[in-house]
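Undergrad: Pasting structure-v9.cif here (mmCIF, C-alpha atoms and all ligand atoms):
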data_structure
#
loop_
_atom_site.label_atom_id
_atom_site.label_comp_id
_atom_site.auth_asym_id
_atom_site.auth_seq_id
_atom_site.Cartn_x
_atom_site.Cartn_y
_atom_site.Cartn_z
CA MET T 1 0.00 0.00 0.00
CA HIS T 2 1.37 3.37 -1.05
CA LEU T 3 0.37 7.01 -1.12
CA THR T 4 1.40 8.88 -4.26
CA LEU T 5 3.09 12.17 -3.42
CA ASN T 6 3.48 14.99 -5.94
CA ASN T 7 6.01 14.09 -8.67
CA ASP T 8 4.58 10.53 -8.54
CA ILE T 9 6.78 9.51 -5.62
CA GLN T 10 5.44 6.38 -3.92
CA MET T 11 5.40 6.47 -0.10
CA PRO T 12 4.68 3.13 1.63
CA MET T 13 1.71 3.63 3.95
CA ILE T 14 3.19 1.54 6.77
CA GLY T 15 6.32 3.23 8.08
CA PHE T 16 8.45 2.59 11.15
CA GLY T 17 8.80 5.34 13.80
CA THR T 18 12.01 5.90 15.75
CA TYR T 19 11.18 8.66 18.27
CA LEU T 20 12.48 7.90 21.79
CA ILE T 21 14.89 5.24 20.56
CA SER T 22 18.48 6.31 21.24
CA ASP T 23 21.20 6.24 18.64
CA ALA T 24 22.83 3.38 20.57
CA ASP T 25 19.63 1.30 20.55
CA VAL T 26 18.06 2.12 17.19
CA GLN T 27 19.93 -0.25 14.85
CA SER T 28 18.34 -3.47 16.04
CA PRO T 29 14.65 -2.36 15.83
CA VAL T 30 15.14 -0.69 12.43
CA LEU T 31 16.83 -3.83 11.10
CA GLU T 32 14.01 -5.93 12.55
CA ALA T 33 11.49 -3.64 10.84
CA LEU T 34 13.26 -4.03 7.48
CA ARG T 35 13.36 -7.83 7.90
CA THR T 36 9.62 -7.74 8.66
CA GLY T 37 8.93 -5.86 5.42
CA TYR T 38 8.71 -2.19 6.43
CA ARG T 39 10.12 -0.05 3.60
CA HIS T 40 9.53 3.39 5.15
CA ILE T 41 11.60 4.64 8.09
CA ASP T 42 10.91 7.90 9.94
CA THR T 43 13.61 9.76 11.84
CA ALA T 44 14.47 13.39 12.64
CA GLU T 45 17.38 15.63 13.46
CA GLY T 46 15.66 16.11 16.83
CA TYR T 47 15.64 12.38 17.62
CA ALA T 48 19.47 12.35 17.66
CA ASN T 49 19.49 8.86 16.13
CA GLU T 50 20.15 9.48 12.43
CA PRO T 51 23.59 7.76 12.45
CA GLY T 52 22.15 4.53 13.89
CA VAL T 53 19.16 4.64 11.55
CA GLY T 54 21.52 5.07 8.59
CA LEU T 55 23.71 2.14 9.69
CA ALA T 56 20.65 -0.10 10.14
CA ILE T 57 19.35 0.79 6.68
CA GLN T 58 22.73 0.04 5.12
CA ALA T 59 22.88 -3.30 6.97
CA GLY T 60 19.29 -4.10 5.93
CA VAL T 61 19.90 -3.26 2.30
CA LYS T 62 22.92 -5.58 2.27
CA GLU T 63 21.29 -8.45 4.17
CA LEU T 64 18.02 -8.36 2.24
CA GLY T 65 19.51 -7.81 -1.23
CA LEU T 66 17.82 -4.42 -1.59
CA GLU T 67 18.94 -1.09 -3.01
CA ARG T 68 18.81 2.29 -1.28
CA LYS T 69 15.93 3.27 -3.56
CA ASP T 70 13.80 0.44 -2.17
CA ILE T 71 13.54 2.19 1.20
CA PHE T 72 11.64 5.43 1.77
CA VAL T 73 13.54 7.51 4.32
CA THR T 74 12.13 10.58 6.05
CA THR T 75 14.03 13.00 8.25
CA LYS T 76 13.03 16.37 9.69
CA LEU T 77 14.52 19.80 10.17
CA TRP T 78 14.51 20.98 13.76
CA PRO T 79 13.39 24.56 13.04
CA GLY T 80 14.37 26.12 16.37
CA ASN T 81 12.08 27.96 18.74
CA GLU T 82 12.95 31.27 20.39
CA ALA T 83 10.38 30.65 23.14
CA TRP T 84 12.48 27.67 24.21
CA GLY T 85 15.72 29.65 24.05
CA GLN T 86 16.75 28.15 20.71
CA PRO T 87 17.79 30.23 17.70
CA VAL T 88 15.48 29.71 14.73
CA LYS T 89 17.10 28.42 11.57
CA THR T 90 17.55 30.74 8.59
CA TYR T 91 17.40 29.71 4.91
CA GLU T 92 21.14 28.95 4.93
CA ALA T 93 21.00 27.09 8.25
CA THR T 94 18.15 24.95 6.87
CA ILE T 95 20.24 23.95 3.83
CA GLU T 96 23.11 23.15 6.18
CA SER T 97 20.83 21.09 8.47
CA LEU T 98 19.87 18.72 5.68
CA ASN T 99 23.52 18.42 4.65
CA GLN T 100 24.29 17.44 8.25
CA SER T 101 21.39 14.94 8.37
CA LEU T 102 22.57 13.36 5.10
CA SER T 103 26.06 13.07 6.53
CA ASN T 104 24.63 11.50 9.73
CA LEU T 105 22.56 9.04 7.69
CA ASN T 106 25.44 8.45 5.25
CA MET T 107 23.06 9.04 2.34
CA ASP T 108 23.02 11.25 -0.77
CA TYR T 109 19.32 12.09 -0.47
CA VAL T 110 16.26 11.51 1.67
CA ASP T 111 12.88 10.62 0.22
CA LEU T 112 11.02 13.14 2.36
CA TYR T 113 12.29 16.14 4.31
CA LEU T 114 9.87 17.77 6.73
CA ILE T 115 9.91 20.94 8.83
CA HIS T 116 9.28 19.32 12.23
CA ALA T 117 7.00 22.05 13.59
CA PRO T 118 5.85 25.58 12.66
CA SER T 119 7.81 27.08 15.56
CA ALA T 120 10.14 29.38 13.65
CA LYS T 121 7.57 32.16 13.18
CA ASP T 122 9.57 34.88 11.31
CA GLN T 123 11.72 32.31 9.50
CA ARG T 124 8.95 29.83 8.63
CA LEU T 125 8.70 30.88 4.99
CA GLU T 126 12.48 31.11 4.61
CA GLN T 127 12.77 27.54 5.87
CA TRP T 128 10.09 26.44 3.40
CA LYS T 129 11.91 28.19 0.51
CA ALA T 130 15.06 26.30 1.52
CA LEU T 131 13.17 22.99 1.36
CA VAL T 132 11.91 23.87 -2.13
CA GLU T 133 15.53 24.49 -3.15
CA LEU T 134 16.68 21.23 -1.51
CA ARG T 135 14.09 19.34 -3.57
CA ARG T 136 15.30 21.12 -6.72
CA MET T 137 18.87 20.07 -5.84
CA GLY T 138 17.77 16.43 -5.49
CA LYS T 139 18.76 16.19 -1.82
CA ALA T 140 15.11 15.56 -0.87
CA ARG T 141 12.84 13.81 -3.36
CA ALA T 142 9.75 15.19 -1.64
CA ILE T 143 9.27 17.91 0.96
CA GLY T 144 6.65 18.59 3.57
CA VAL T 145 5.79 19.86 6.99
CA SER T 146 4.78 18.42 10.33
CA ASN T 147 2.40 19.76 12.95
CA TYR T 148 1.23 22.53 10.58
CA SER T 149 -2.31 23.88 10.95
CA VAL T 150 -4.49 25.22 8.12
CA GLU T 151 -3.20 28.74 8.90
CA HIS T 152 0.44 27.66 8.64
CA ILE T 153 -0.17 26.08 5.23
CA GLU T 154 -2.22 29.09 4.10
CA GLU T 155 0.89 31.18 4.85
CA ILE T 156 2.82 29.13 2.25
CA LYS T 157 -0.08 29.32 -0.21
CA SER T 158 -0.41 33.11 0.17
CA ALA T 159 3.30 33.49 -0.56
CA GLY T 160 2.73 31.73 -3.90
CA LEU T 161 5.12 28.90 -3.02
CA SER T 162 4.54 25.26 -3.92
CA LEU T 163 2.48 23.46 -1.30
CA PRO T 164 3.92 20.69 0.91
CA ASP T 165 3.77 17.13 -0.41
CA ALA T 166 2.79 15.89 3.06
CA ASN T 167 1.88 16.99 6.59
CA GLN T 168 2.80 14.65 9.48
CA ILE T 169 0.39 15.14 12.38
CA GLU T 170 -0.92 13.37 15.48
CA LEU T 171 -4.02 11.39 14.46
CA HIS T 172 -5.83 8.61 16.30
CA PRO T 173 -9.43 8.10 17.42
CA TRP T 174 -8.95 10.55 20.31
CA SER T 175 -7.45 13.31 18.12
CA GLN T 176 -9.08 13.28 14.68
CA LYS T 177 -8.60 16.91 13.54
CA PRO T 178 -11.48 16.74 11.00
CA GLU T 179 -11.11 20.29 9.62
CA LEU T 180 -7.36 19.99 9.10
CA VAL T 181 -7.76 16.53 7.53
CA SER T 182 -10.40 17.78 5.12
CA TYR T 183 -8.25 20.82 4.18
CA LEU T 184 -5.23 18.56 3.52
CA ASN T 185 -7.32 16.18 1.40
CA ASP T 186 -8.73 19.15 -0.58
CA HIS T 187 -5.19 20.41 -1.24
CA ASN T 188 -3.73 17.04 -2.23
CA ILE T 189 -1.34 17.08 0.73
CA SER T 190 -0.68 13.51 1.88
CA ILE T 191 -1.35 12.80 5.54
CA ILE T 192 1.11 10.92 7.74
CA ALA T 193 -0.38 10.00 11.12
CA TYR T 194 1.85 9.80 14.17
CA SER T 195 1.21 8.41 17.66
CA SER T 196 -1.58 6.15 16.38
CA LEU T 197 -1.26 4.03 19.52
CA VAL T 198 -2.02 6.76 22.13
CA PRO T 199 -5.18 4.95 23.42
CA LEU T 200 -3.19 1.83 24.43
CA SER T 201 -2.38 1.32 28.12
CA THR T 202 1.16 0.36 26.98
CA TRP T 203 1.78 3.64 25.07
CA ARG T 204 4.97 5.44 26.25
CA ILE T 205 5.04 3.91 29.72
CA ALA T 206 8.85 3.71 29.92
CA PRO T 207 10.48 6.20 32.34
CA GLY T 208 11.08 9.57 30.70
CA HIS T 209 8.73 8.91 27.78
CA ASP T 210 6.64 11.96 28.56
CA SER T 211 3.44 13.20 26.98
CA ALA T 212 0.29 15.17 27.79
CA LYS T 213 -1.84 12.01 28.05
CA THR T 214 -4.46 12.65 30.73
CA GLU T 215 -5.33 10.40 33.68
CA ASP T 216 -8.76 10.01 32.12
CA MET T 217 -7.20 8.64 28.93
CA LYS T 218 -4.92 6.33 30.91
CA GLN T 219 -7.95 4.91 32.73
CA ALA T 220 -9.89 4.50 29.48
CA GLY T 221 -7.03 2.41 28.07
CA VAL T 222 -7.19 -0.21 30.82
CA GLN T 223 -10.99 -0.72 30.92
CA ALA T 224 -11.84 -4.33 30.08
CA ASP T 225 -14.82 -3.14 28.01
CA SER T 226 -12.94 -0.43 26.11
CA PRO T 227 -14.27 -0.18 22.54
CA PHE T 228 -10.87 -1.04 21.08
CA LYS T 229 -10.64 -4.20 23.19
CA ILE T 230 -14.10 -5.23 21.98
CA MET T 231 -13.18 -4.55 18.35
CA ALA T 232 -9.89 -6.41 18.77
CA GLN T 233 -11.82 -9.48 19.95
CA LYS T 234 -14.33 -9.15 17.11
CA TYR T 235 -11.62 -9.06 14.41
CA ASP T 236 -9.29 -11.47 16.26
CA VAL T 237 -6.40 -8.99 16.22
CA SER T 238 -4.74 -6.79 18.87
CA GLU T 239 -5.92 -3.33 19.94
CA ALA T 240 -2.77 -1.92 18.33
CA GLN T 241 -3.75 -3.49 15.01
CA VAL T 242 -7.25 -1.95 15.25
CA LEU T 243 -5.78 1.52 15.86
CA LEU T 244 -3.26 1.19 13.03
CA ARG T 245 -5.81 -0.26 10.62
CA TRP T 246 -8.11 2.70 11.40
CA GLY T 247 -5.34 5.04 10.18
CA LEU T 248 -4.89 3.08 6.95
CA GLN T 249 -8.65 3.03 6.30
CA LYS T 250 -8.75 6.83 6.77
CA GLY T 251 -6.12 7.04 4.02
CA TYR T 252 -3.21 7.99 6.27
CA ALA T 253 0.33 6.68 6.24
CA ILE T 254 1.19 5.41 9.75
CA LEU T 255 4.44 5.19 11.72
CA PRO T 256 4.19 2.65 14.56
CA LYS T 257 7.26 2.62 16.80
CA SER T 258 8.33 -0.33 18.91
CA THR T 259 11.55 -1.77 20.26
CA ASN T 260 9.93 -5.20 20.68
CA ALA T 261 10.35 -7.65 17.76
CA ALA T 262 6.95 -9.33 18.19
CA ARG T 263 5.18 -5.95 18.24
CA ILE T 264 7.17 -4.71 15.25
CA GLN T 265 5.86 -7.74 13.33
CA GLN T 266 2.31 -7.41 14.65
CA ASN T 267 2.14 -3.72 13.73
CA PHE T 268 3.00 -4.57 10.11
CA ASP T 269 0.31 -7.27 9.87
CA LEU T 270 -2.68 -5.10 9.04
CA LEU T 271 -4.07 -6.31 5.75
CA SER T 272 -5.88 -9.50 6.78
CA PHE T 273 -8.92 -7.73 8.28
CA GLU T 274 -11.03 -4.64 7.73
CA ILE T 275 -12.85 -2.46 10.28
CA ASP T 276 -16.50 -2.45 9.19
CA ASP T 277 -18.57 0.68 8.51
CA ASP T 278 -20.42 0.51 11.83
CA ASP T 279 -17.18 0.43 13.79
CA MET T 280 -15.66 3.23 11.65
CA THR T 281 -18.78 5.30 12.45
CA ALA T 282 -18.45 4.48 16.16
CA ILE T 283 -14.78 5.53 16.14
CA ALA T 284 -15.64 8.80 14.36
CA ALA T 285 -17.64 9.77 17.48
CA MET T 286 -14.68 9.21 19.84
CA ASP T 287 -12.75 12.40 19.05
CA ARG T 288 -11.48 14.17 22.18
CA GLY T 289 -9.81 17.10 20.43
CA ASP T 290 -6.15 18.05 20.72
CA GLY T 291 -3.23 15.68 20.45
CA VAL T 292 -1.24 14.58 23.51
CA ALA T 293 2.05 13.30 22.11
CA TRP T 294 3.83 16.60 22.80
CA SER T 295 3.93 17.34 26.54
CA VAL T 296 3.79 21.11 25.82
CA GLY T 297 0.42 20.82 24.06
CA ASP T 298 -0.77 20.16 20.52
CA PRO T 299 1.83 21.77 18.24
CA THR T 300 -0.77 22.50 15.54
CA LYS T 301 -2.26 24.94 18.08
CA ILE T 302 0.60 26.36 20.16
CA PHE T 303 2.77 27.96 17.45
N1 LIG E 401 6.35 14.83 13.85
C1 LIG E 401 6.18 14.76 15.16
O1 LIG E 401 6.08 15.76 15.88
C2 LIG E 401 6.09 13.40 15.79
C3 LIG E 401 5.66 13.27 17.12
C4 LIG E 401 5.56 11.99 17.66
C5 LIG E 401 5.87 10.87 16.88
N2 LIG E 401 6.31 11.02 15.59
C6 LIG E 401 6.70 9.86 14.77
O2 LIG E 401 5.68 8.87 14.84
C7 LIG E 401 6.22 7.68 15.42
C8 LIG E 401 5.16 6.95 16.24
O3 LIG E 401 4.68 7.75 17.29
P1 LIG E 401 5.02 7.45 18.82
O4 LIG E 401 6.42 6.95 18.90
O5 LIG E 401 4.62 8.63 19.58
O6 LIG E 401 4.02 6.34 19.28
P2 LIG E 401 3.30 5.04 18.69
O7 LIG E 401 4.03 4.38 17.60
O8 LIG E 401 1.89 5.44 18.49
O9 LIG E 401 3.35 4.11 20.01
C9 LIG E 401 4.57 3.66 20.53
C10 LIG E 401 4.31 3.14 21.95
O10 LIG E 401 3.39 2.03 21.91
C11 LIG E 401 4.03 0.83 22.34
N3 LIG E 401 3.63 -0.20 21.36
C12 LIG E 401 4.03 -0.28 20.08
N4 LIG E 401 3.44 -1.33 19.45
C13 LIG E 401 2.66 -1.92 20.38
C14 LIG E 401 1.81 -3.06 20.33
N5 LIG E 401 1.66 -3.79 19.22
N6 LIG E 401 1.16 -3.43 21.48
C15 LIG E 401 1.31 -2.70 22.60
N7 LIG E 401 2.08 -1.59 22.70
C16 LIG E 401 2.77 -1.20 21.59
C17 LIG E 401 5.51 1.13 22.31
O11 LIG E 401 6.21 0.44 23.30
P3 LIG E 401 7.47 -0.53 22.92
O12 LIG E 401 8.47 0.27 22.15
O13 LIG E 401 7.95 -0.97 24.25
O14 LIG E 401 6.88 -1.65 22.09
C18 LIG E 401 5.55 2.64 22.61
O15 LIG E 401 5.44 2.87 23.99
C19 LIG E 401 7.42 8.18 16.22
O16 LIG E 401 8.30 7.15 16.57
C20 LIG E 401 7.97 9.20 15.27
O17 LIG E 401 8.71 8.58 14.22
C21 LIG E 401 6.40 12.27 15.05
#
Write out the structure in this file as structure tokens.

TA:
Amino acid sequence: MHLTLNNDIQMPMIGFGTYLISDADVQSPVLEALRTGYRHIDTAEGYANEPGVGLAIQAGVKELGLERKDIFVTTKLWPGNEAWGQPVKTYEATIESLNQSLSNLNMDYVDLYLIHAPSAKDQRLEQWKALVELRRMGKARAIGVSNYSVEHIEEIKSAGLSLPDANQIELHPWSQKPELVSYLNDHNISIIAYSSLVPLSTWRIAPGHDSAKTEDMKQAGVQADSPFKIMAQKYDVSEAQVLLRWGLQKGYAILPKSTNAARIQQNFDLLSFEIDDDDMTAIAAMDRGDGVAWSVGDPTKIF
């Protein structure tokens, strides 16, 4: 299953996420993901694990008899944020950031380069112009944004610049962002869903894996009669598979992250069942509003 980005670039809909996996630990899960069949890997300058991700991809390509072009690799510009005491990146610094990411990954190009968040305010358009140039130079086959709201994308549109190929945002039954999703669909901007597994009781429970998940949500995840547990029984799959399959049926690419081999395999096994219309309708009524993956609040709202 693929989404077709502008320029006819094919993006596999099931990707592998690497947030909160350290550079020292990331090679084994990425290699496991490649062995399982994932052909889309998501990293970021801000995850500080690009070198390990690059090494795992090179090892996977060799072991599995693949070529670099068989794997869709995404990385992201950390744009900076003055409110957090960080300088925002200029046009030149953005060009330099991708050069650094490519050097970290030991690659000549990435398949998708995203601006991680719309936090750079005065430099947002300059950063976007730099991404357009990086695509022209062939260092990024496709370019996009992450955590951008309608207003942030309208800023690009009003400047007469080419629109992003994709927007990566938090999407799951508890944060469905219907207006943003409909705007992105209307503008042919592919949607990549992150943190699909927020409703699980096992989501980010390791020490230091912070979020804004509420106590109420944590309680909902452990209820024996939770709707996702009931659906999992009905389709004879896990709750994780229900949540991931929901993303695919909405037309989103997904990025499940795990460091556990059995879960990595389970999260890729999504094509043997289909959530029926009644259950899709029931899930549509479960929206609770803003995302919780960022502990500072939903980044489509705070910048
Ligand atoms: N652009 C952005 O701002 C942004 C923000 C957040 C995430 N992302 C991207 O999206 C990816 C996914 O999001 P995420 O990392 O927040 O969370 P996620 O993939 O929705 O969930 C990961 C959590 O669920 C657990 N888990 C995974 N598979 C499971 C299964 N089958 N059964 C039970 N528990 C399971 C994992 O634990 P174990 O590892 O122990 O299995 C981990 O705690 C990230 O890794 C990153 O690449 C992007």

Undergrad: Give the answer as one residue: which of T:Leu20, T:Ala48, T:Ile230, T:Met11 has the shortest atom-to-atom distance to T:Pro207, using only C-alpha atoms?

TA: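 Using only C-alpha atoms, the shortest distance to T:Pro207 belongs to T:Leu20.
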
Undergrad: From the options T:Gly297, T:Gly138, T:Gly54, T:Gly251, which residue's atoms come nearest to ligand LIG 401 (chain E), counting all atoms listed in the file?

TA: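 Nearest candidate to ligand LIG 401 (chain E) out of T:Gly297, T:Gly138, T:Gly54, T:Gly251: T:Gly297.
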
Undergrad: Please indicate the distance in Å from atom CA of T:Ala44 to atom CA of T:Val198, rounded to one decimal place.

TA: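 Going from atom CA of T:Ala44 over to atom CA of T:Val198 covers 20.1 Å.
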
Undergrad: For T:Ser101, which residue out of T:Tyr194, T:Tyr19, T:Tyr47, T:Trp246 is the nearest one, using only C-alpha atoms?

TA: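 The shortest atom-to-atom distance to T:Ser101 comes from T:Tyr47.
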
Undergrad: Dump as a Markdown table the rows for residues of chain T within 7 Å of ligand LIG 401 (chain E): closest atom pair and distance in Å with one decimal, all atoms listed in the file counted, ordered by chain and rising residue number.

TA:
| residue | atom | partner | partner_atom | distance |
| --- | --- | --- | --- | --- |
| T:Phe16 | CA | E:LIG401 | O17 | 6.7 |
| T:Gly17 | CA | E:LIG401 | O17 | 3.3 |
| T:Thr18 | CA | E:LIG401 | O16 | 4.0 |
| T:Tyr19 | CA | E:LIG401 | O16 | 3.7 |
| T:Leu20 | CA | E:LIG401 | O16 | 6.7 |
| T:Asp42 | CA | E:LIG401 | O17 | 4.9 |
| T:Thr43 | CA | E:LIG401 | O17 | 5.6 |
| T:His116 | CA | E:LIG401 | N1 | 5.6 |
| T:Ala117 | CA | E:LIG401 | O1 | 6.8 |
| T:Ser146 | CA | E:LIG401 | N1 | 5.3 |
| T:Asn147 | CA | E:LIG401 | O1 | 6.2 |
| T:Gln168 | CA | E:LIG401 | N1 | 5.6 |
| T:Ile169 | CA | E:LIG401 | N1 | 6.1 |
| T:Glu170 | CA | E:LIG401 | C3 | 6.8 |
| T:Tyr194 | CA | E:LIG401 | O2 | 4.0 |
| T:Ser195 | CA | E:LIG401 | O8 | 3.2 |
| T:Ser196 | CA | E:LIG401 | O8 | 4.1 |
| T:Leu197 | CA | E:LIG401 | O8 | 3.6 |
| T:Val198 | CA | E:LIG401 | O8 | 5.5 |
| T:Leu200 | CA | E:LIG401 | N7 | 6.5 |
| T:Thr202 | CA | E:LIG401 | N7 | 4.8 |
| T:Trp203 | CA | E:LIG401 | O15 | 3.9 |
| T:Arg204 | CA | E:LIG401 | O15 | 3.5 |
| T:Ile205 | CA | E:LIG401 | O15 | 5.8 |
| T:Ala206 | CA | E:LIG401 | O15 | 6.9 |
| T:Ala240 | CA | E:LIG401 | N5 | 4.9 |
| T:Gln241 | CA | E:LIG401 | N5 | 6.9 |
| T:Leu255 | CA | E:LIG401 | C7 | 4.8 |
| T:Pro256 | CA | E:LIG401 | O7 | 3.5 |
| T:Lys257 | CA | E:LIG401 | O7 | 3.8 |
| T:Ser258 | CA | E:LIG401 | O12 | 3.3 |
| T:Thr259 | CA | E:LIG401 | O12 | 4.1 |
| T:Asn260 | CA | E:LIG401 | O14 | 4.9 |
| T:Arg263 | CA | E:LIG401 | N5 | 4.2 |
| T:Ile264 | CA | E:LIG401 | N4 | 6.6 |
| T:Gln266 | CA | E:LIG401 | N5 | 5.9 |
| T:Asn267 | CA | E:LIG401 | N5 | 5.5 |
| T:Ala293 | CA | E:LIG401 | C4 | 5.8 |
| T:Trp294 | CA | E:LIG401 | C3 | 6.8 |

Undergrad: Rounded to one decimal, what separation in Å do you get between atom CA of T:Arg68 and atom CA of T:Trp128?

TA: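 Straight-line distance from atom CA of T:Arg68 to atom CA of T:Trp128 works out to 26.1 Å.
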
Undergrad: Suppose you want the space between atom CA of T:Gln176 and atom CA of T:Leu248; what is it in Å?

TA: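 Here the two named atoms are 13.5 Å from each other.
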
Undergrad: Identify, on the basis of all atoms listed in the file, every residue whose closest approach to T:Ala56 does not exceed 12 Å; exclude the query and any residue fewer than 2 positions from it along the same chain; express the result as a PyMOL selection string.

TA: chain T and resi 18+23-35+41+49-54+58-64+68+71+73+105-106

Undergrad: Which is closer to T:Ala285 than all the others in T:Asn104, T:Ser175, T:Asn167, T:Ser158, using only C-alpha atoms?

TA: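 Of the candidates, the smallest distance to T:Ala285 is held by T:Ser175.
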
Undergrad: With distances taken over all atoms listed in the file, which residue among T:Leu184, T:Leu98, T:Val88, T:Leu244 lies nearest T:Leu270?

TA: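 Nearest candidate to T:Leu270 out of T:Leu184, T:Leu98, T:Val88, T:Leu244: T:Leu244.
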
Undergrad: Which polymer residues have any atom within 7 Å of an atom of T:Tyr109, counting only C-alpha atoms, with same-chain residues fewer than 5 positions away left out, as number ranges by chain?

TA: T: 102, 138-140

Undergrad: Grab all the atoms of stretch 29-41 of chain T that the file lists, wrap them in a box along x, y and z, add 4 Å per side, and give me centre plus edge lengths in Å (one decimal) as JSON.

TA:
{"center_x": 12.8, "center_y": -1.6, "center_z": 9.7, "size_x": 16.1, "size_y": 20.5, "size_z": 20.2}
